[in-house]
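Text of query-v3.txt (compact mmCIF, C-alpha atoms) as supplied:
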```txt
# COMPACT_ATOMS: atom_id res chain seq x y z
CA MET A 99 226.07 120.91 154.70
CA LYS A 100 224.42 117.50 154.72
CA LYS A 101 227.78 115.80 155.24
CA LYS A 102 228.40 117.94 158.31
CA VAL A 103 224.97 117.07 159.71
CA TYR A 104 225.49 113.35 159.07
CA SER A 105 228.93 113.52 160.66
CA GLN A 106 227.51 115.11 163.81
CA ILE A 107 224.77 112.49 164.01
CA ILE A 108 227.27 109.65 163.74
CA ARG A 109 229.44 111.23 166.44
CA LEU A 110 226.44 111.53 168.74
CA LEU A 111 225.67 107.86 168.19
CA LEU A 112 229.18 106.44 168.51
CA PHE A 113 230.87 108.49 171.19
CA PRO A 114 228.46 107.53 173.99
CA LEU A 115 229.59 103.97 173.27
CA ILE A 116 233.23 105.03 173.55
CA LEU A 117 232.59 106.88 176.80
CA MET A 118 230.72 103.87 178.13
CA LEU A 119 233.72 101.64 177.48
CA ILE A 120 236.02 104.09 179.26
CA ASN A 121 233.87 103.88 182.37
CA LEU A 122 233.46 100.12 182.35
CA PRO A 123 236.33 98.86 184.56
CA CYS A 124 234.04 98.61 187.57
CA ARG A 125 231.45 96.77 185.49
CA SER A 126 233.75 94.57 183.42
CA GLN A 127 232.56 91.44 185.22
CA ALA A 128 229.00 92.25 184.13
CA LEU A 129 230.14 92.62 180.51
CA ASP A 130 232.05 89.33 180.67
CA SER A 131 228.89 87.71 182.01
CA LEU A 132 226.82 89.19 179.17
CA LEU A 133 229.22 87.94 176.50
CA SER A 134 229.30 84.53 178.21
CA LYS A 135 225.51 84.35 178.09
CA ALA A 136 225.65 85.13 174.36
CA GLU A 137 228.01 82.20 173.86
CA GLN A 138 225.72 79.95 175.89
CA TRP A 139 222.72 81.01 173.78
CA LYS A 140 224.57 80.10 170.58
CA LEU A 141 225.50 76.67 171.96
CA LYS A 142 221.90 76.04 172.95
CA HIS A 143 220.06 77.28 169.86
CA LEU A 144 222.43 76.75 166.92
CA MET A 145 222.60 73.38 165.18
CA LYS A 146 225.47 71.10 166.15
CA GLY A 147 228.67 72.00 164.29
CA LEU A 148 227.47 75.53 163.41
CA SER A 149 229.14 78.60 164.94
CA LEU A 150 228.20 82.25 164.51
CA ASP A 151 230.43 85.24 165.34
CA VAL A 152 229.34 88.89 165.19
CA TYR A 153 231.93 91.68 165.28
CA MET A 154 231.74 95.47 165.11
CA ASP A 155 234.52 98.08 165.04
CA ALA A 156 234.03 101.87 165.12
CA TYR A 157 236.68 104.59 164.90
CA TYR A 158 237.70 108.22 164.83
CA VAL A 159 241.00 109.19 163.17
CA GLY A 160 242.32 112.70 163.67
CA ASN A 161 245.02 114.17 161.45
CA ILE A 162 247.85 115.98 163.26
CA GLY A 163 249.05 119.05 161.39
CA GLY A 164 247.33 120.91 158.56
CA THR A 165 243.64 121.33 157.88
CA ILE A 166 242.70 118.31 155.79
CA PRO A 167 238.92 118.30 155.21
CA THR A 168 236.54 115.77 156.68
CA SER A 169 235.86 112.64 154.55
CA HIS A 170 239.39 112.52 153.15
CA THR A 171 240.66 108.93 153.05
CA TYR A 172 244.19 108.20 154.14
CA GLU A 173 246.57 106.63 151.65
CA PHE A 174 247.72 103.03 152.33
CA GLN A 175 245.11 102.58 155.08
CA THR A 176 243.68 99.06 155.37
CA ASN A 177 241.39 99.87 158.32
CA SER A 178 239.80 103.12 159.57
CA PRO A 179 240.39 105.01 156.31
CA PHE A 180 238.37 108.25 156.77
CA ILE A 181 239.67 111.10 158.90
CA ASN A 182 238.15 113.79 161.12
CA GLU A 183 234.82 112.04 161.65
CA ALA A 184 233.45 109.11 163.65
CA ARG A 185 232.51 106.13 161.47
CA VAL A 186 231.90 102.38 161.45
CA ASN A 187 234.96 100.51 160.17
CA MET A 188 233.17 97.17 159.86
CA PHE A 189 230.22 95.11 160.97
CA ASP A 190 231.06 91.48 160.34
CA VAL A 191 229.06 88.26 160.59
CA THR A 192 230.99 84.98 160.21
CA MET A 193 229.33 81.57 159.99
CA ASN A 194 231.27 78.29 160.20
CA TYR A 195 229.94 74.76 159.92
CA ASN A 196 232.04 71.64 160.58
CA ASN A 197 231.35 67.93 160.72
CA SER A 198 233.47 64.82 160.30
CA TRP A 199 233.65 65.04 156.48
CA ALA A 200 232.82 68.62 155.42
CA ARG A 201 233.19 72.26 156.45
CA MET A 202 231.81 75.58 155.27
CA THR A 203 232.65 79.24 155.92
CA ALA A 204 230.71 82.39 155.00
CA ASP A 205 231.87 85.86 156.06
CA PHE A 206 229.71 88.94 155.36
CA ARG A 207 230.95 92.45 156.09
CA ILE A 208 229.69 96.03 155.74
CA GLY A 209 231.31 99.35 156.63
CA ASP A 210 234.14 101.58 155.45
CA GLN A 211 236.81 98.87 155.29
CA PRO A 212 235.13 96.40 152.90
CA LEU A 213 233.88 99.14 150.58
CA LEU A 214 237.34 100.74 150.38
CA LEU A 215 239.21 97.47 149.77
CA SER A 216 236.83 95.80 147.30
CA SER A 217 237.63 95.90 143.61
CA SER A 218 235.42 98.06 141.40
CA THR A 219 235.54 95.30 138.78
CA ALA A 220 234.07 92.73 141.18
CA GLN A 221 231.23 94.43 143.03
CA TRP A 222 230.00 91.15 144.49
CA THR A 223 233.06 91.23 146.77
CA ASN A 224 231.85 94.46 148.42
CA TYR A 225 230.13 92.63 151.26
CA LEU A 226 231.51 89.10 150.94
CA THR A 227 234.91 88.44 152.50
CA GLN A 228 234.92 84.65 152.29
CA ALA A 229 232.61 81.88 151.07
CA SER A 230 234.06 78.38 150.89
CA LEU A 231 233.08 74.73 151.05
CA GLY A 232 235.54 71.99 151.98
CA PHE A 233 235.72 68.20 152.09
CA THR A 234 238.15 65.81 153.77
CA PHE A 235 239.82 62.86 152.02
CA GLY A 236 241.51 61.39 155.07
CA LYS A 237 242.75 62.40 158.47
CA GLY A 238 244.17 65.90 158.19
CA VAL A 239 243.66 66.22 154.40
CA TRP A 240 241.18 68.85 153.20
CA ILE A 241 240.30 70.57 149.95
CA ASP A 242 238.35 73.84 150.04
CA PHE A 243 236.66 75.58 147.09
CA GLY A 244 235.23 79.08 146.71
CA TYR A 245 236.14 82.66 147.54
CA LEU A 246 239.08 82.15 149.91
CA ASP A 247 240.53 84.66 152.35
CA SER A 248 244.30 85.03 152.01
CA PRO A 249 246.45 83.36 154.70
CA MET A 250 249.19 85.90 154.04
CA GLY A 251 250.42 88.24 156.75
CA VAL A 252 250.63 88.53 160.52
CA GLU A 253 248.12 91.43 160.47
CA SER A 254 244.47 90.46 160.00
CA SER A 255 241.79 92.49 158.24
CA MET A 256 239.94 92.44 161.59
CA PRO A 257 241.43 94.95 164.09
CA ILE A 258 240.45 92.78 167.08
CA ASN A 259 243.00 90.17 165.95
CA ASN A 260 245.87 92.68 165.78
CA ILE A 261 247.93 94.63 168.30
CA PHE A 262 246.97 97.85 166.44
CA SER A 263 243.68 98.81 164.80
CA THR A 264 245.46 100.11 161.68
CA CYS A 265 247.87 98.00 159.60
CA THR A 266 251.24 98.82 158.05
CA VAL A 267 251.90 100.06 154.51
CA GLY A 268 253.40 96.66 153.65
CA THR A 269 250.23 94.87 154.76
CA TYR A 270 248.16 97.21 152.56
CA PHE A 271 249.90 95.90 149.43
CA GLU A 272 249.77 92.19 150.30
CA PRO A 273 247.65 89.96 148.01
CA THR A 274 244.18 89.38 149.40
CA SER A 275 241.32 87.04 148.49
CA ASP A 276 241.31 84.49 145.68
CA LEU A 277 238.58 82.61 143.84
CA GLY A 278 239.84 79.03 143.59
CA ALA A 279 240.78 75.90 145.55
CA PHE A 280 243.07 75.14 148.51
CA LEU A 281 244.50 71.67 149.30
CA SER A 282 245.98 71.25 152.78
CA TYR A 283 247.37 68.65 155.16
CA THR A 284 247.64 69.04 158.95
CA THR A 285 249.79 66.60 160.94
CA PRO A 286 248.11 64.58 163.72
CA ASP A 287 249.74 66.70 166.44
CA GLU A 288 248.67 69.89 164.54
CA SER A 289 252.21 71.28 164.68
CA TRP A 290 252.53 71.48 160.88
CA CYS A 291 250.09 72.57 158.17
CA LEU A 292 251.17 72.28 154.52
CA GLY A 293 249.05 73.51 151.65
CA GLY A 294 248.84 74.75 148.10
CA TRP A 295 246.23 76.82 146.30
CA ALA A 296 245.35 77.91 142.76
CA GLY A 297 242.84 80.47 141.55
CA ASN A 298 242.12 83.99 140.32
CA ALA A 299 242.81 87.07 142.41
CA PHE A 300 240.51 89.98 143.22
CA THR A 301 242.74 92.65 144.75
CA LEU A 302 242.68 96.39 145.35
CA PRO A 303 245.95 97.21 143.50
CA ASP A 304 245.20 95.09 140.41
CA GLY A 305 241.42 94.68 140.23
CA LYS A 306 239.88 91.63 138.60
CA ASN A 307 242.37 89.09 137.27
CA ILE A 308 241.49 86.12 135.04
CA HIS A 309 245.06 84.79 134.92
CA PRO A 310 245.67 81.77 137.18
CA GLN A 311 247.82 82.29 140.24
CA TYR A 312 249.35 79.80 142.65
CA GLY A 313 250.72 79.72 146.15
CA LEU A 314 252.13 77.68 149.02
CA VAL A 315 251.29 77.77 152.73
CA ILE A 316 253.66 76.32 155.35
CA ASP A 317 252.69 76.81 159.00
CA PHE A 318 254.69 75.61 162.00
CA ASN A 319 252.88 75.68 165.36
CA PRO A 320 254.84 73.69 167.94
CA SER A 321 252.67 75.19 170.71
CA ASP A 322 249.82 77.65 171.25
CA ALA A 323 252.44 80.28 172.09
CA PHE A 324 254.43 80.21 168.84
CA THR A 325 253.63 80.41 165.11
CA LEU A 326 255.98 80.59 162.13
CA SER A 327 254.39 80.86 158.69
CA PHE A 328 255.56 81.14 155.08
CA ASN A 329 253.11 82.05 152.28
CA ASN A 330 253.54 83.11 148.69
CA ASN A 331 251.64 84.21 145.61
CA LEU A 332 252.92 83.46 142.09
CA GLY A 333 251.49 84.33 138.68
CA ASN A 334 250.56 86.93 136.10
CA THR A 335 248.87 89.82 137.94
CA ALA A 336 248.14 91.98 134.88
CA LYS A 337 244.57 93.20 134.60
CA SER A 338 242.23 91.49 132.19
CA GLY A 339 242.87 92.73 128.63
CA ALA A 340 246.22 94.35 129.45
CA LYS A 341 248.82 94.64 126.65
CA TYR A 342 251.56 93.24 128.86
CA TYR A 343 252.37 90.39 131.24
CA LYS A 344 253.09 91.24 134.87
CA TYR A 345 254.67 88.24 136.57
CA LEU A 346 254.77 88.58 140.36
CA ALA A 347 256.35 86.39 143.03
CA PHE A 348 255.17 87.70 146.40
CA ASN A 349 256.72 85.96 149.45
CA ASN A 350 255.64 86.46 153.04
CA LEU A 351 257.28 85.20 156.24
CA TYR A 352 255.85 86.04 159.65
CA THR A 353 255.99 84.91 163.25
CA GLN A 354 253.98 85.45 166.42
CA TRP A 355 255.35 84.51 169.83
CA ASN A 356 253.94 84.75 173.33
CA PRO A 357 256.97 84.21 175.61
CA MET A 358 254.66 84.90 178.56
CA PRO A 359 250.86 85.26 178.87
CA LYS A 360 251.06 89.06 179.14
CA LEU A 361 253.42 89.62 176.17
CA THR A 362 252.88 89.21 172.41
CA LEU A 363 255.70 89.69 169.89
CA ILE A 364 255.19 89.82 166.11
CA GLY A 365 257.53 90.08 163.14
CA GLN A 366 257.08 90.00 159.38
CA VAL A 367 259.07 90.29 156.15
CA ASP A 368 257.60 90.60 152.63
CA MET A 369 259.73 90.21 149.50
CA ALA A 370 258.24 90.65 146.04
CA PHE A 371 259.85 90.19 142.62
CA GLN A 372 258.16 91.42 139.46
CA LYS A 373 258.87 91.12 135.73
CA VAL A 374 256.79 93.09 133.21
CA GLU A 375 256.92 92.01 129.55
CA SER A 376 255.19 93.69 126.61
CA LYS A 377 252.98 91.59 124.34
CA SER A 378 253.75 93.74 121.28
CA LYS A 379 257.49 94.43 121.52
CA ASP A 380 260.63 92.91 122.97
CA SER A 381 260.90 94.72 126.28
CA ALA A 382 261.07 93.74 129.94
CA ARG A 383 261.26 95.59 133.24
CA LEU A 384 262.35 94.04 136.53
CA GLY A 385 261.54 95.24 140.03
CA THR A 386 261.65 94.26 143.69
CA MET A 387 259.90 95.33 146.88
CA THR A 388 260.76 94.63 150.52
CA SER A 389 258.73 95.48 153.59
CA GLY A 390 258.85 94.50 157.23
CA LEU A 391 257.48 95.12 160.70
CA LEU A 392 258.28 94.42 164.34
CA GLY A 393 255.69 94.82 167.08
CA ALA A 394 255.01 94.09 170.73
CA LYS A 395 252.01 94.25 173.06
CA PHE A 396 252.32 94.00 176.85
CA TYR A 397 249.60 93.84 179.51
CA PHE A 398 250.95 95.90 182.42
CA LEU A 399 247.60 95.49 184.22
CA PRO A 400 244.99 92.71 183.79
CA LYS A 401 242.87 94.78 181.38
CA PHE A 402 245.34 97.42 180.18
CA ALA A 403 248.03 96.95 177.52
CA PHE A 404 250.70 99.04 175.82
CA ALA A 405 251.73 98.36 172.20
CA MET A 406 254.55 99.51 169.91
CA ARG A 407 255.31 98.83 166.24
CA ALA A 408 258.00 99.80 163.72
CA GLU A 409 257.67 99.35 159.95
CA VAL A 410 259.46 99.92 156.65
CA PHE A 411 258.26 99.75 153.04
CA TYR A 412 260.97 99.80 150.34
CA ASP A 413 259.86 99.92 146.70
CA PRO A 414 262.80 101.29 144.65
CA LYS A 415 261.37 100.25 141.27
CA GLU A 416 257.85 101.42 142.20
CA ILE A 417 256.21 98.09 141.37
CA PHE A 418 253.46 98.76 143.94
CA ILE A 419 253.60 102.48 144.68
CA GLY A 420 253.56 103.37 140.95
CA SER A 421 252.87 107.08 140.45
CA LYS A 422 250.87 107.51 143.67
CA TYR A 423 253.05 110.31 145.02
CA THR A 424 254.27 113.82 144.28
CA GLY A 425 257.97 114.25 143.49
CA LYS A 426 260.61 112.02 142.00
CA THR A 427 263.00 109.43 143.42
CA SER A 428 264.81 106.28 142.38
CA ASP A 429 264.74 104.90 145.93
CA PHE A 430 261.19 105.07 147.29
CA VAL A 431 260.93 104.17 150.98
CA ILE A 432 258.49 104.77 153.85
CA PHE A 433 259.41 104.42 157.52
CA GLY A 434 256.85 104.28 160.29
CA ALA A 435 256.33 103.98 164.04
CA SER A 436 253.20 103.47 166.15
CA ALA A 437 252.36 103.41 169.86
CA GLY A 438 249.10 102.82 171.67
CA LEU A 439 247.15 101.97 174.81
CA GLU A 440 244.38 99.38 174.98
CA PHE A 441 241.67 98.73 177.57
CA ASN A 442 239.64 95.51 177.56
CA PRO A 443 236.35 95.89 179.46
CA GLY A 444 235.48 92.32 178.48
CA LYS A 445 237.16 89.26 176.97
CA ASN A 446 236.33 90.22 173.37
CA ALA A 447 235.91 93.98 173.72
CA TYR A 448 238.44 96.80 173.48
CA PHE A 449 238.99 100.52 173.47
CA ARG A 450 242.25 101.75 171.90
CA VAL A 451 244.05 105.10 171.73
CA GLN A 452 246.87 105.07 169.18
CA TYR A 453 249.45 107.34 167.55
CA ASN A 454 250.91 106.69 164.09
CA PHE A 455 253.81 108.34 162.25
CA LEU A 456 254.87 107.71 158.63
CA SER A 457 257.60 109.46 156.62
CA THR A 458 259.64 109.08 153.45
CA GLY A 459 262.51 110.98 155.08
CA ASP A 460 262.79 113.12 151.93
CA PRO A 461 260.84 116.44 151.74
CA GLY A 462 260.81 116.08 147.95
CA VAL A 463 258.94 112.73 147.99
CA LYS A 464 255.35 113.31 149.11
CA PRO A 465 252.86 110.41 149.06
CA PHE A 466 250.64 111.64 151.92
CA ASN A 467 247.56 113.80 152.39
CA GLU A 468 247.10 115.49 149.01
CA VAL A 469 243.48 116.64 148.61
CA VAL A 470 242.08 118.21 145.44
CA SER A 471 238.49 119.48 145.30
CA THR A 472 236.67 121.39 142.56
CA SER A 473 233.44 122.00 144.49
CA PRO A 474 234.40 123.96 146.43
CA ASP A 475 237.73 124.79 144.83
CA TYR A 476 240.32 123.48 147.29
CA HIS A 477 243.83 122.06 147.20
CA TYR A 478 245.65 120.73 150.25
CA TYR A 479 249.18 119.98 149.11
CA ALA A 480 250.90 116.61 149.57
CA ASP A 481 253.38 116.00 152.38
CA TYR A 482 256.40 113.75 152.92
CA GLU A 483 255.21 112.70 156.38
CA ARG A 484 251.93 111.96 158.17
CA GLN A 485 250.94 111.96 161.83
CA CYS A 486 247.59 110.98 163.27
CA TYR A 487 245.84 109.69 166.35
CA SER A 488 243.00 107.19 166.39
CA LEU A 489 240.27 106.17 168.81
CA THR A 490 238.79 102.75 168.10
CA THR A 491 236.35 100.55 169.92
CA GLY A 492 234.92 97.14 169.12
CA PHE A 493 233.49 93.90 170.44
CA ARG A 494 232.87 90.37 169.22
CA PHE A 495 230.45 87.73 170.45
```

Since I need it in another form, could you write the structure as structure tokens?
Amino acid sequence: MKKKVYSQIIRLLLFPLILMLINLPCRSQALDSLLSKAEQWKLKHLMKGLSLDVYMDAYYVGNIGGTIPTSHTYEFQTNSPFINEARVNMFDVTMNYNNSWARMTADFRIGDQPLLLSSSTAQWTNYLTQASLGFTFGKGVWIDFGYLDSPMGVESSMPINNIFSTCTVGTYFEPTSDLGAFLSYTTPDESWCLGGWAGNAFTLPDGKNIHPQYGLVIDFNPSDAFTLSFNNNLGNTAKSGAKYYKYLAFNNLYTQWNPMPKLTLIGQVDMAFQKVESKSKDSARLGTMTSGLLGAKFYFLPKFAFAMRAEVFYDPKEIFIGSKYTGKTSDFVIFGASAGLEFNPGKNAYFRVQYNFLSTGDPGVKPFNEVVSTSPDYHYYADYERQCYSLTTGFRF
């Protein structure tokens, strides 16, 4: 009963904001002016070299088909995980400080997204997304230490940076933050950035990891309109104290291209190779995973955009999916498609309406929507496909 009351209260608080954004086209100039004044205040009152960004994202996700209960969390959902109720996805505060010889970043976040994606073995990561300190050793050469956000993937953990508010299944399984160091070099014309990192991972699939991991970052940015990036993650990803070694080589290649100011195109391919060896007996198991996405976003009016995205996640040896589904197959795959409309009442504000479809294509392989409850006694059976719509709104200043 309390959950229903709380849900209604949150809806009453959040949906006036959504309705306000719908009715803002005639007042969009006023909103732009307000956000501009906020930027001017920061320039005037913050110390030189210090920047502060505040971001909030709220959502409502509705399941299509079936009667899944409120508060169920969707599988493989990086953002906006709860269904059938209005909630706050994230409230984020990012601080950056830069001078001629040092830089610092601290990113604090609360909401559904950080609590869902933080490891239970590292509770201090619940509200801390990044905390790093860096020093330069020459023009373009930097070394950063601390809790580092992963550079992997074309889809960001912040919905405002993406063409869709929810990410793909492949993005969900990408390695995330690491506790370690990152050495990088950026060419004078800033068209190339080369780097390498080493550290320990804190990830949702694998929890706390004390084994060292390594990676490369190669970014090519010949212009503001085009980015091509390669990133990887290498090392033993077995949990602390495990009776086996789990060697993973996770490789990510993505691109983002703006052939014209109104059009954004994105593409990504992930390829992972894994070898599991027992510490107590002579045995080894090999596996691979491949995922990819293609997406586009086009502004057909100055403040209105249409977006589409296709995705595939192929994990035949179940190195990531494991036993997280009902049924049996030797060729696990998920296909997906998404479409959406976006309205921007201000430069850094949005309201999105989106549709998402995921399916294994096999009625006997069901990784979606299973809900089991003992109080009250309830069982909503798993499905081989999932459809939903989402309403999201957010702003950053």

Fill in: Distance query Ile258 of chain A at most 9 Å, only C-alpha atoms, self and fewer than 5 positions along chain excluded, as a ChimeraX atom specification
/A:153,155,263,446-448,492-494

Practice prompt. Rank A:Asp190, A:Asp287, A:Asp247, A:Glu272 by their smallest atom-to-atom distance to Phe411 of chain A, using all atoms listed in the file, and report the top residue only.
Written response: A:Glu272

Worksheet item: From the list A:Gly333, A:Gly294, A:Gly444, A:Pro167, which residue is nearest Lys401 of chain A when using all atoms listed in the file?
Response: A:Gly444

Identify, on the basis of only C-alpha atoms, every residue whose closest approach to Phe324 of chain A does not exceed 9 Å; exclude the query and any residue fewer than 2 positions from it along the same chain; express the result as a PDB file with C-alpha atoms, keeping the file's coordinate frame.
```pdb
ATOM      1  CA  PHE A 318     254.690  75.610 162.000  1.00  0.00           C
ATOM      2  CA  ASN A 319     252.880  75.680 165.360  1.00  0.00           C
ATOM      3  CA  PRO A 320     254.840  73.690 167.940  1.00  0.00           C
ATOM      4  CA  SER A 321     252.670  75.190 170.710  1.00  0.00           C
ATOM      5  CA  ASP A 322     249.820  77.650 171.250  1.00  0.00           C
ATOM      6  CA  LEU A 326     255.980  80.590 162.130  1.00  0.00           C
ATOM      7  CA  THR A 353     255.990  84.910 163.250  1.00  0.00           C
ATOM      8  CA  GLN A 354     253.980  85.450 166.420  1.00  0.00           C
ATOM      9  CA  TRP A 355     255.350  84.510 169.830  1.00  0.00           C
ATOM     10  CA  ASN A 356     253.940  84.750 173.330  1.00  0.00           C
ATOM     11  CA  PRO A 357     256.970  84.210 175.610  1.00  0.00           C
TER      12      PRO A 357
END
```

Discussion item. For a quick check of understanding, using all atoms listed in the file, which of A:Gly209, A:Pro443, A:Gly147, A:Gly251 has the smallest distance to Val315 of chain A?
Written reply: A:Gly251

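With distances restricted to all atoms listed in the file, A:Phe174 is the closest residue to Lys422 of chain A from A:Phe328, A:Phe174, A:Gly459, A:Phe206.
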
Practice prompt. Measure the distance from atom CA of Leu213 of chain A to atom CA of Phe180 of chain A in Å and round it to one decimal.
Written response: 11.9 Å

Worksheet item: Counting all atoms listed in the file, what is within 12 Å of Phe404 of chain A, bar same-chain residues fewer than 3 positions away, as a ChimeraX atom specification?
Response: /A:261-262,360-362,393-401,407,436-442,450-453

Item to complete: In the coordinates of the file, take the point (251.4, 79.4, 179.4) and a cut-off of 8 Å; then, counting all atoms listed in the file, name each qualifying protein, DNA or RNA residue as a PyMOL selection string.
Response: chain A and resi 323+358-359

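Closest approach to Asn330 of chain A among A:Ala480, A:Ile364, A:Ala370, A:Val469: A:Ala370, based on only C-alpha atoms.
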
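Reported to one decimal place, the separation of atom CA of Lys337 of chain A from atom CA of Ala279 of chain A is 20.8 Å.
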
Worksheet item: atom CA of Gln372 of chain A and atom CA of Gln311 of chain A are how many Å apart?
Response: 13.8 Å

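Among the candidate residues A:Asn331, A:Gly420, A:Met406, A:Asn259, the one lying nearest to Leu363 of chain A is A:Met406, with distances computed using all atoms listed in the file.
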
Worksheet entry | Close residues, Ser198 of chain A itself excluded, 12 Å, only C-alpha atoms, min 6 positions apart in chain, as a PyMOL selection string | chain A and resi 146-147+232-240

All file atoms of segment 321-337 of chain A boxed axis-aligned, 6 Å per side, centre plus edges, as AutoDock Vina command-line options:
```
--center_x 250.3 --center_y 84.2 --center_z 153.3 --size_x 23.4 --size_y 30.0 --size_z 49.5
```

Model the absent atoms of segment 246-261 of chain A so that N, CA and C atoms are present, and write the result as an mmCIF file, in the frame of the given file.
```
data_model
loop_
_atom_site.group_PDB
_atom_site.id
_atom_site.type_symbol
_atom_site.label_atom_id
_atom_site.label_comp_id
_atom_site.auth_asym_id
_atom_site.auth_seq_id
_atom_site.Cartn_x
_atom_site.Cartn_y
_atom_site.Cartn_z
ATOM 1 N N LEU A 246 238.241 82.483 148.776
ATOM 2 C CA LEU A 246 239.080 82.150 149.910
ATOM 3 C C LEU A 246 239.830 83.376 150.423
ATOM 4 N N ASP A 247 239.779 83.570 151.733
ATOM 5 C CA ASP A 247 240.530 84.660 152.350
ATOM 6 C C ASP A 247 242.018 84.306 152.347
ATOM 7 N N SER A 248 242.868 85.276 152.095
ATOM 8 C CA SER A 248 244.300 85.030 152.010
ATOM 9 C C SER A 248 244.883 84.685 153.373
ATOM 10 N N PRO A 249 245.767 83.678 153.443
ATOM 11 C CA PRO A 249 246.450 83.360 154.700
ATOM 12 C C PRO A 249 247.681 84.230 154.934
ATOM 13 N N MET A 250 247.948 85.145 154.020
ATOM 14 C CA MET A 250 249.190 85.900 154.040
ATOM 15 C C MET A 250 249.176 87.013 155.084
ATOM 16 N N GLY A 251 250.231 87.098 155.876
ATOM 17 C CA GLY A 251 250.420 88.240 156.750
ATOM 18 C C GLY A 251 250.085 88.004 158.207
ATOM 19 N N VAL A 252 250.867 88.636 159.088
ATOM 20 C CA VAL A 252 250.630 88.530 160.520
ATOM 21 C C VAL A 252 249.508 89.463 160.962
ATOM 22 N N GLU A 253 249.185 90.489 160.136
ATOM 23 C CA GLU A 253 248.120 91.430 160.470
ATOM 24 C C GLU A 253 246.834 91.035 159.755
ATOM 25 N N SER A 254 245.773 90.861 160.529
ATOM 26 C CA SER A 254 244.470 90.460 160.000
ATOM 27 C C SER A 254 243.696 91.671 159.497
ATOM 28 N N SER A 255 242.682 91.414 158.664
ATOM 29 C CA SER A 255 241.790 92.490 158.240
ATOM 30 C C SER A 255 240.865 92.924 159.367
ATOM 31 N N MET A 256 240.751 92.106 160.430
ATOM 32 C CA MET A 256 239.940 92.440 161.590
ATOM 33 C C MET A 256 240.829 93.061 162.674
ATOM 34 N N PRO A 257 240.593 94.310 163.074
ATOM 35 C CA PRO A 257 241.430 94.950 164.090
ATOM 36 C C PRO A 257 241.518 94.185 165.400
ATOM 37 N N ILE A 258 240.461 93.493 165.797
ATOM 38 C CA ILE A 258 240.450 92.780 167.080
ATOM 39 C C ILE A 258 241.541 91.715 167.141
ATOM 40 N N ASN A 259 241.977 91.213 165.987
ATOM 41 C CA ASN A 259 243.000 90.170 165.950
ATOM 42 C C ASN A 259 244.420 90.721 165.945
ATOM 43 N N ASN A 260 244.562 92.053 165.902
ATOM 44 C CA ASN A 260 245.870 92.680 165.780
ATOM 45 C C ASN A 260 246.242 93.453 167.038
ATOM 46 N N ILE A 261 247.514 93.821 167.156
ATOM 47 C CA ILE A 261 247.930 94.630 168.300
ATOM 48 C C ILE A 261 247.616 96.103 168.059
#
```
